[in-house]
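*Asks:* Pasting a structure below so you can have a look.
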Amino acid sequence: MKIICLQEKLKEKLSIVQNIIGKNLTLPILNNILLKTEKNRLKISSTNLEIGINTWIVGKIEKQGSITCPAKLLSDFVNNLPNKKLSLEAKNNSLIIKCDNYKAQIKGLNAKDFPIIPKVENKKGIKINNNILKTSLSQVIGMASVSESRPEISGILFSYSEGKLKIVATDSFRLAEKTISDIEKSDVNFSAILLQKTAYELTRILNDNDDVQIVLNNNQIFFESKDVQLISRIIEGQYPNYQQIIPKKFKTEIVFDKNELINQVKTTSLFSGRTNNINLTVMPEKSKVKIFAQDVDLGENTTFIKCTIKGRKLEIDFNYRYLLDGLSNIFSEKVYFGMNDALGPALIKPIGDNSYIYIVMPIKPA
């Protein structure tokens with residue numbers, strides 16, 4: 001194998017594939033990146049056996065071939081080269097890199113031993129703008145559970161039907177649902193639980209200006225955008241029927257100024273201590289909500305926020321971190337709170353945007 005390409009382009013592509021690679025002692029080749037020529041392009045691949053990433057770079061191919069090299073060493077070396085043309089040549093399981101006054105020989109492993117990254121033959125799926133998908137994922141991704149005992153809620157639900165894609169994550173204490181309607185229509189309906197790691201990779205590598213095609217194939221999900229492919233296993237199991245916990249009616253409804261609410265919750269949280277608890281007292285007659293926290297060692301704080309209230313008086317406790325997680329993923333100036341009692345779930349959503357909802361469970365009073 002021998003190819004001439006630009007350092008800047010190779011650096012960019014290496015950054016795409018190297019993030020999923022960890023330190024694997026049992027299978028050393030998983031610490032490597034696969035470099036393989038394909039016609040007039042160099043294919044760069046990585047895998048951790050759960051996720052595989054392929055990307056391509058255009059260059060002058062002088063000799064066809066392939067090799068695998070340690071990901072970190074290759075990436076670190078290329079990153080420190082000048083932004084000029086460089087030459088990559090594979091000889092005797094080593095990669096020789098030349099660029100200006102730099103020359104290195106990196107020992108690799110035979111490309112034949114690199115795990116096969118599955119191909120998706122059936123390309124029938126849905127297509128969505130990358131920026132919309134990245135933004136939507138960022139609104140729900142942090143709510144997924146990290147528990148190994150319930151793997152189905154450790155991932156992100158992707159559910160497409162009737163021209164809408166729902167992306168959902170929960171840890172049983174809070175839940176976020178984003179509905180995307182700006183999708184090229186397809187007659188393919190599907191539901192899959194995406195690995196949280198896969199979701200994070202998508203937000204990192206997708207280019208804002210392109211579209212991504214999503215295809216479900218048996219126990220794998222495939223994402224393709226321009227010159228980047230990501231294929232991942234999906235989590236087996238049934239996602240909880242979360243719709244049944246979303247309240248449809250509320251006895252207390254509040255509209256807050258989002259930024260003011262965030263500031264007051266942050267200020268009050270300084271006095272919440274290790275419990276992270278803050279108390280909200282809804283006072284309809286004064287069109288105010290009192291936000292209160294106290295700690296034996298720290299002291300206490302009380303603040304009031306003006307708001308629009310419909311319904312009855314209510315006193316309810318929340319983990320302030322869970323409140324802030326939901327509020328930080330809302331982009332409107334005004335935010336809606338719907339509640340029924342001190343024990344039931346509260347619904348938070350942006351005013352003027354029905355595509356995003358956030359459910360948070362209150363803390364039971366002591």
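Residues are named by chain letter and number: chains run A, B, ... in the order of the structure tokens, numbers start at 1 in each chain, and ligands are numbered from 1 in the order shown.
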Per residue of segment 66-160 of chain A within 8 Å of segment 236-239 of chain A, what are the shortest atom pair and its distance in Å to one decimal, counting only C-alpha atoms, with rows by chain and residue number, as a tab-separated table?
*Replies:*
residue	atom	partner	partner_atom	distance
A:Glu152	CA	A:Tyr239	CA	5.7
A:Ile153	CA	A:Tyr239	CA	6.9
A:Leu157	CA	A:Tyr239	CA	7.3
*Asks:* Running DSSP on the backbone, which parts of segment 7-96 of chain A land in alpha helix (DSSP H), as a PyMOL selection string?
*Replies:* chain A and resi 7-17+71-79
*Asks:* Excluding Ile193 of chain A and any residue of its chain fewer than 4 positions from it, enumerate the residues within 6 Å of it, using only C-alpha atoms, and give them as a CSV table (one decimal) with C-alpha atoms, in the first residue's frame.
*Replies:*
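Heads up, here's the output in around_11.csv:
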chain,number,residue,atom,x,y,z
A,155,GLY,CA,-29.7,3.1,26.0
A,156,ILE,CA,-31.6,5.5,23.8
A,157,LEU,CA,-34.9,4.5,22.3
A,234,ILE,CA,-28.5,-2.5,19.5
A,235,ILE,CA,-29.6,-3.4,23.0
*Asks:* If you run DSSP on the backbone, which residues of segment 262-346 of chain A are strand (DSSP E), as a ChimeraX atom specification?
*Replies:* /A:277-283,288-295,299-306,308-311,314-319,334-339,346
*Asks:* Smallest atom-to-atom distance to Ser154 of chain A: which of A:Ser46, A:Gln196, A:Asn130, A:Asn122, using only C-alpha atoms?
*Replies:* A:Gln196
*Asks:* To one decimal place in Å, what is the distance between atom CA of Thr179 of chain A and atom CA of Ser355 of chain A?
*Replies:*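 Separating atom CA of Thr179 of chain A from atom CA of Ser355 of chain A is a distance of 4.9 Å.
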*Asks:* Produce a table with one row for each residue of segment 286-347 of chain A that has an atom at most 10 Å from any atom of segment 268-279 of chain A, each row naming the nearest atom pair and its distance in Å at one decimal; use only C-alpha atoms; arrange rows by chain and rising residue number; format as a Markdown table.
*Replies:*
| residue | atom | partner | partner_atom | distance |
| --- | --- | --- | --- | --- |
| A:Val289 | CA | A:Asn279 | CA | 9.9 |
| A:Lys290 | CA | A:Asn279 | CA | 7.9 |
| A:Ile291 | CA | A:Asn279 | CA | 5.7 |
| A:Phe292 | CA | A:Asn279 | CA | 5.0 |
| A:Ala293 | CA | A:Ile278 | CA | 4.9 |
| A:Gln294 | CA | A:Phe271 | CA | 5.3 |
| A:Asp295 | CA | A:Gly273 | CA | 5.6 |
| A:Val296 | CA | A:Gly273 | CA | 8.4 |
| A:Asp297 | CA | A:Gly273 | CA | 8.1 |
| A:Leu298 | CA | A:Phe271 | CA | 6.0 |
| A:Gly299 | CA | A:Phe271 | CA | 6.4 |
| A:Glu300 | CA | A:Phe271 | CA | 5.6 |
| A:Asn301 | CA | A:Thr268 | CA | 5.8 |
| A:Thr302 | CA | A:Thr268 | CA | 7.1 |
| A:Thr303 | CA | A:Thr268 | CA | 7.4 |
| A:Glu315 | CA | A:Asn279 | CA | 7.2 |
| A:Ile316 | CA | A:Asn279 | CA | 5.8 |
| A:Asp317 | CA | A:Asn279 | CA | 4.4 |
| A:Phe318 | CA | A:Ile278 | CA | 5.6 |
| A:Asn319 | CA | A:Asn277 | CA | 4.7 |
| A:Tyr320 | CA | A:Asn276 | CA | 5.9 |
| A:Arg321 | CA | A:Asn276 | CA | 7.1 |
| A:Tyr322 | CA | A:Asn276 | CA | 9.4 |
| A:Leu323 | CA | A:Ile278 | CA | 9.9 |
*Asks:* Would you mind listing what lies within 9 Å of Lys134 of chain A as a ChimeraX atom specification, with only C-alpha atoms counted and same-chain residues fewer than 6 positions away left out?
*Replies:* /A:199,202-204,206,208
*Asks:* Counting only C-alpha atoms, what is within 9 Å of Ser181 of chain A, bar same-chain residues fewer than 3 positions away, as a list of chain:residue names?
*Replies:*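 Returned residues: A:Gly163, A:Lys164, A:Leu165, A:Lys166, A:Glu184, A:Ser355.
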*Asks:* List the spatial neighbours of Asp113 of chain A as a JSON list (two decimals) with C-alpha atoms, in the first residue's frame - criterion: any atom at most 10 Å away, only C-alpha atoms, same-chain residues fewer than 3 positions off excluded.
*Replies:*
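File out00.json, as written:
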[["chain", "number", "residue", "atom", "x", "y", "z"],
["A", 29, "ILE", "CA", -5.59, -5.58, 17.11],
["A", 30, "LEU", "CA", -8.63, -3.74, 18.51],
["A", 67, "ILE", "CA", -2.33, -2.43, 7.18],
["A", 68, "THR", "CA", -3.38, -1.82, 10.78],
["A", 109, "LEU", "CA", -0.41, -5.88, 12.50],
["A", 110, "ASN", "CA", -1.67, -7.80, 9.50],
["A", 116, "ILE", "CA", -14.88, -7.59, 9.90]]
*Asks:* Using Å and a single decimal, report how far atom CA of Ala144 of chain A sits from atom CA of Lys251 of chain A.
*Replies:*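 Computing the Euclidean distance for atom CA of Lys251 of chain A and atom CA of Ala144 of chain A yields 28.5 Å.
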*Asks:* Counting only C-alpha atoms, which of A:Glu177, A:Glu8, A:Glu162, A:Asp210 gets nearest to Phe190 of chain A?
*Replies:*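 Closest residue, counting only C-alpha atoms: A:Glu162.
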*Asks:* Which residues are near segment 330-334 of chain A? Cut-off 10 Å, only C-alpha atoms, ignore same chain within fewer than 5 positions. Put them as an NGL selection string.
*Replies:* :A and (139 or 255-261 or 307 or 325 or 348-353 or 356-358)
*Asks:* Restrict the selected residues to C-alpha atoms and save them as a compact mmCIF listing (two decimals), in the first residue's frame.
*Replies:*
# COMPACT_ATOMS: atom_id res chain seq x y z
CA GLN A 139 -31.55 16.90 24.59
CA VAL A 255 -45.35 29.17 33.26
CA PHE A 256 -41.87 30.37 34.28
CA ASP A 257 -39.24 32.57 32.72
CA LYS A 258 -36.69 29.85 32.03
CA ASN A 259 -33.48 31.78 32.68
CA GLU A 260 -34.78 33.30 35.90
CA LEU A 261 -35.89 29.89 37.13
CA CYS A 307 -44.87 33.36 37.32
CA ASP A 325 -30.91 18.83 33.43
CA ILE A 348 -41.72 20.23 31.91
CA LYS A 349 -41.77 21.48 28.33
CA PRO A 350 -40.95 24.57 26.30
CA ILE A 351 -43.72 27.04 25.54
CA GLY A 352 -44.46 27.03 21.82
CA ASP A 353 -42.70 23.74 21.10
CA TYR A 356 -39.86 18.03 23.60
CA ILE A 357 -41.08 16.92 27.01
CA TYR A 358 -39.21 16.22 30.22
*Asks:* Distance atom CA of Val215 of chain A-atom CA of Lys123 of chain A, one decimal place?
*Replies:* 6.2 Å
*Asks:* When you count only C-alpha atoms, which of these residues is closest to Arg174 of chain A: A:Glu253, A:Tyr200, A:Val140, A:Leu95?
*Replies:*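 Ranking A:Glu253, A:Tyr200, A:Val140, A:Leu95 by distance to Arg174 of chain A, first place goes to A:Val140.
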*Asks:* I'd like to know which of A:Leu35, A:Leu230, A:Leu324, A:Ile141 is closest to Thr170 of chain A, using only C-alpha atoms.
*Replies:*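 Ranking A:Leu35, A:Leu230, A:Leu324, A:Ile141 by distance to Thr170 of chain A, first place goes to A:Ile141.
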*Asks:* Go through A:Leu175, A:Ile214, A:Cys5, A:Ile106 one by one, measure the shortest atom-to-atom distance of each to Asn241 of chain A using only C-alpha atoms, and give the residue with the smallest value.
*Replies:*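 For Asn241 of chain A, the nearest of the given residues is A:Leu175.
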*Asks:* Counting only C-alpha atoms, figure out which residue out of A:Lys91, A:Arg312, A:Lys36, A:Lys178 gets nearest to Gln64 of chain A.
*Replies:*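 Closest to Gln64 of chain A, using only C-alpha atoms: A:Lys36.
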